[in-house]
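Novice: I am attaching a structure below and will ask some questions about it afterwards.
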Amino acid sequence: MTEAETGLLAAPSGDPTSMLIQLLDLGEWEGARTDEDIFVGPTQPQPAQRVFGGQVLAQSLVASMRTVDPDRFVHSMHGYFLRPGDANKPITFGVQRLRDGRSFSARRVQAYQEGVPILSMIASFQDTDEGVDHESAMPSGIPDPESLPTTAELLGKFDHPVAQHWAFERPFDIRHVDPPLYVSAKGKREARNAVWMKTFGAMPDDSNLHRAALAYASDYTLLESILRRHGLSWITPGMSVASLDHAMWWHRPARVDEWLLYVQESPSAQGARGLATGKIFNRAGQLVASVAQEGMVRLPTDLKDKVVGAVQAKLLQHQIRKAVRD
């Protein structure tokens, strides 16, 4: 039985990039095709037992790529997160070949667990072509990634499974330009956020793999532009956050094992939902991808939730002070 069939990859042993490569190495079910091509993928262990949304996006893209001419590259995808996935079970991907034209191909991908869809996506592919060319400018005054603290430096001292996972088990090195929102929300309340990111290790020279991995990373911090505007951190007591959808456009080739700047902003939040958009630049200043996502952001409203939240806040403050002392 393969790792994909068991549904759970072994915990990383100091090399989280190899975990990412394994996650994107889908298996194909021979003889199972009806009007869909069927693939199966493993999941990565998560402290909350829920599949990371970026993982499902990236694996769905890999599944669709397996059904398209290798000279035709994904340029856009639009997906909806329908249900939370179980990080202890494999994911099945059904790819429907909607169209293969002279220049473009379209694929619909459904990601299933136990026969129930958890993600629905449509992706579009195009042959390399020539045409008009312009791009947004990379923001100026951004500090170099080498001058910023790593997630491990910020969270590694906290004896908590989520902190340890974010610090040591994620395949991407994430470095915040502004004070990170892991345990507090410091700084200006602006609907903006920016991070540098790259994989810890080298990735194979496969442009499709880099595109899929970029989709994986694009789901990490995008909603932080909403949280920062309202002075919220990821451990705000009683807060519930979930991605509802995800759209992405690839403009130019990029390597995810080289530093990329991910600039994010939120134009609107209302009705327990917030919209966030992002631009991803390479270090040379080229815009390589654009992203948009709507997320659910709910705060406690009734007295019981507020009391529980206040108690949780006191406990968290005590834990933070203890971690700083140690």
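By convention in this document, the chains of the structure tokens carry letters A, B, ... by their order, each chain's residues are numbered from 1, and ligands are numbered from 1 in the order they are shown.
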Neighbours of A:Leu244 within 10 Å (only C-alpha atoms; same-chain residues fewer than 2 positions away dropped), as a ChimeraX atom specification?

Specialist: /A:53,79-83,119,241-242,246,273-275,293-296

Novice: Using DSSP on the backbone coordinates, identify the residues of stretch 168-241 of chain A assigned to strand (DSSP E); present them as a ChimeraX atom specification.

Specialist: /A:172-176,192-199,240-241

Novice: Could you give me, as a ChimeraX atom specification, each residue of stretch 55-223 of chain A that DSSP assigns to alpha helix (DSSP H) when run on this structure's backbone?

Specialist: /A:55-65,151-155,161-168,207-218

Novice: Looking at A:Gly131, A:Pro253, A:Gly141, A:Gly201, which one is nearest to A:Gln286, with distances taken over only C-alpha atoms?

Specialist: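 Among A:Gly131, A:Pro253, A:Gly141, A:Gly201, it is A:Pro253 that comes nearest to A:Gln286.
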
Novice: Using only C-alpha atoms, which protein or nucleic acid residues come within 7 Å of A:Arg50? Drop anything in the same chain fewer than 6 positions from it, and give the result as a VMD selection string.

Specialist: chain A and resid 84 to 87

Novice: Between atom CA of A:Leu154 and atom CA of A:Tyr216, what is the distance, to one decimal in Å?

Specialist: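 For atom CA of A:Leu154 relative to atom CA of A:Tyr216, the distance reads 22.1 Å.
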
Novice: Pick out the residues sitting within 10 Å of A:Ala247, and hand them over as an mmCIF file with N, CA, C and O atoms, in the first residue's frame; count only C-alpha atoms, and ignore anything fewer than 2 positions along from it in its own chain.

Specialist:
data_model
loop_
_atom_site.group_PDB
_atom_site.id
_atom_site.type_symbol
_atom_site.label_atom_id
_atom_site.label_comp_id
_atom_site.auth_asym_id
_atom_site.auth_seq_id
_atom_site.Cartn_x
_atom_site.Cartn_y
_atom_site.Cartn_z
ATOM 1 N N LEU A 57 -5.757 22.815 -2.967
ATOM 2 C CA LEU A 57 -5.636 23.603 -4.194
ATOM 3 C C LEU A 57 -4.498 23.085 -5.060
ATOM 4 O O LEU A 57 -4.662 22.858 -6.265
ATOM 5 N N SER A 76 -4.916 30.245 -14.906
ATOM 6 C CA SER A 76 -5.882 30.719 -13.913
ATOM 7 C C SER A 76 -6.651 29.541 -13.328
ATOM 8 O O SER A 76 -6.790 28.487 -13.959
ATOM 9 N N MET A 77 -7.129 29.739 -12.117
ATOM 10 C CA MET A 77 -8.011 28.758 -11.491
ATOM 11 C C MET A 77 -8.947 29.481 -10.525
ATOM 12 O O MET A 77 -8.612 30.514 -9.945
ATOM 13 N N HIS A 78 -10.138 28.912 -10.383
ATOM 14 C CA HIS A 78 -11.153 29.436 -9.471
ATOM 15 C C HIS A 78 -11.733 28.247 -8.707
ATOM 16 O O HIS A 78 -12.263 27.312 -9.319
ATOM 17 N N GLY A 79 -11.627 28.290 -7.390
ATOM 18 C CA GLY A 79 -12.081 27.155 -6.596
ATOM 19 C C GLY A 79 -12.913 27.582 -5.403
ATOM 20 O O GLY A 79 -12.771 28.702 -4.884
ATOM 21 N N TYR A 80 -13.803 26.675 -4.968
ATOM 22 C CA TYR A 80 -14.622 26.888 -3.778
ATOM 23 C C TYR A 80 -14.333 25.785 -2.767
ATOM 24 O O TYR A 80 -14.360 24.598 -3.109
ATOM 25 N N MET A 121 -13.208 23.053 -8.353
ATOM 26 C CA MET A 121 -12.333 24.013 -9.019
ATOM 27 C C MET A 121 -12.444 23.896 -10.532
ATOM 28 O O MET A 121 -12.663 22.809 -11.073
ATOM 29 N N ILE A 122 -12.284 25.030 -11.223
ATOM 30 C CA ILE A 122 -12.089 25.041 -12.672
ATOM 31 C C ILE A 122 -10.761 25.732 -12.949
ATOM 32 O O ILE A 122 -10.467 26.790 -12.389
ATOM 33 N N ALA A 123 -9.930 25.111 -13.770
ATOM 34 C CA ALA A 123 -8.629 25.659 -14.130
ATOM 35 C C ALA A 123 -8.535 25.799 -15.645
ATOM 36 O O ALA A 123 -9.090 24.987 -16.388
ATOM 37 N N ALA A 215 0.539 27.953 -5.599
ATOM 38 C CA ALA A 215 -0.852 27.944 -5.150
ATOM 39 C C ALA A 215 -0.939 27.472 -3.702
ATOM 40 O O ALA A 215 -1.719 28.006 -2.900
ATOM 41 N N SER A 218 0.066 30.346 -1.508
ATOM 42 C CA SER A 218 -0.787 31.535 -1.620
ATOM 43 C C SER A 218 -1.918 31.542 -0.596
ATOM 44 O O SER A 218 -2.533 32.583 -0.351
ATOM 45 N N ASP A 245 -13.339 30.639 -0.724
ATOM 46 C CA ASP A 245 -13.003 30.393 -2.126
ATOM 47 C C ASP A 245 -11.574 30.847 -2.373
ATOM 48 O O ASP A 245 -10.920 31.395 -1.481
ATOM 49 N N TRP A 249 -4.181 33.737 -10.636
ATOM 50 C CA TRP A 249 -3.763 33.939 -12.016
ATOM 51 C C TRP A 249 -2.234 33.928 -12.054
ATOM 52 O O TRP A 249 -1.583 34.666 -11.310
ATOM 53 N N THR A 277 -7.021 40.385 -1.483
ATOM 54 C CA THR A 277 -6.354 40.222 -2.765
ATOM 55 C C THR A 277 -4.845 40.249 -2.543
ATOM 56 O O THR A 277 -4.354 40.832 -1.565
ATOM 57 N N SER A 290 -1.282 36.785 -9.324
ATOM 58 C CA SER A 290 -2.270 37.544 -8.554
ATOM 59 C C SER A 290 -3.243 36.563 -7.922
ATOM 60 O O SER A 290 -3.524 35.499 -8.488
ATOM 61 N N VAL A 291 -3.776 36.938 -6.741
ATOM 62 C CA VAL A 291 -4.617 36.031 -5.966
ATOM 63 C C VAL A 291 -5.795 36.809 -5.395
ATOM 64 O O VAL A 291 -5.678 38.002 -5.093
ATOM 65 N N ALA A 292 -6.926 36.143 -5.228
ATOM 66 C CA ALA A 292 -8.080 36.727 -4.537
ATOM 67 C C ALA A 292 -8.755 35.629 -3.719
ATOM 68 O O ALA A 292 -8.831 34.472 -4.156
ATOM 69 N N GLN A 293 -9.218 36.001 -2.543
ATOM 70 C CA GLN A 293 -9.881 35.034 -1.678
ATOM 71 C C GLN A 293 -10.885 35.739 -0.770
ATOM 72 O O GLN A 293 -10.599 36.822 -0.256
ATOM 73 N N GLU A 294 -12.047 35.122 -0.596
ATOM 74 C CA GLU A 294 -12.997 35.587 0.406
ATOM 75 C C GLU A 294 -12.952 34.615 1.575
ATOM 76 O O GLU A 294 -12.906 33.392 1.372
#
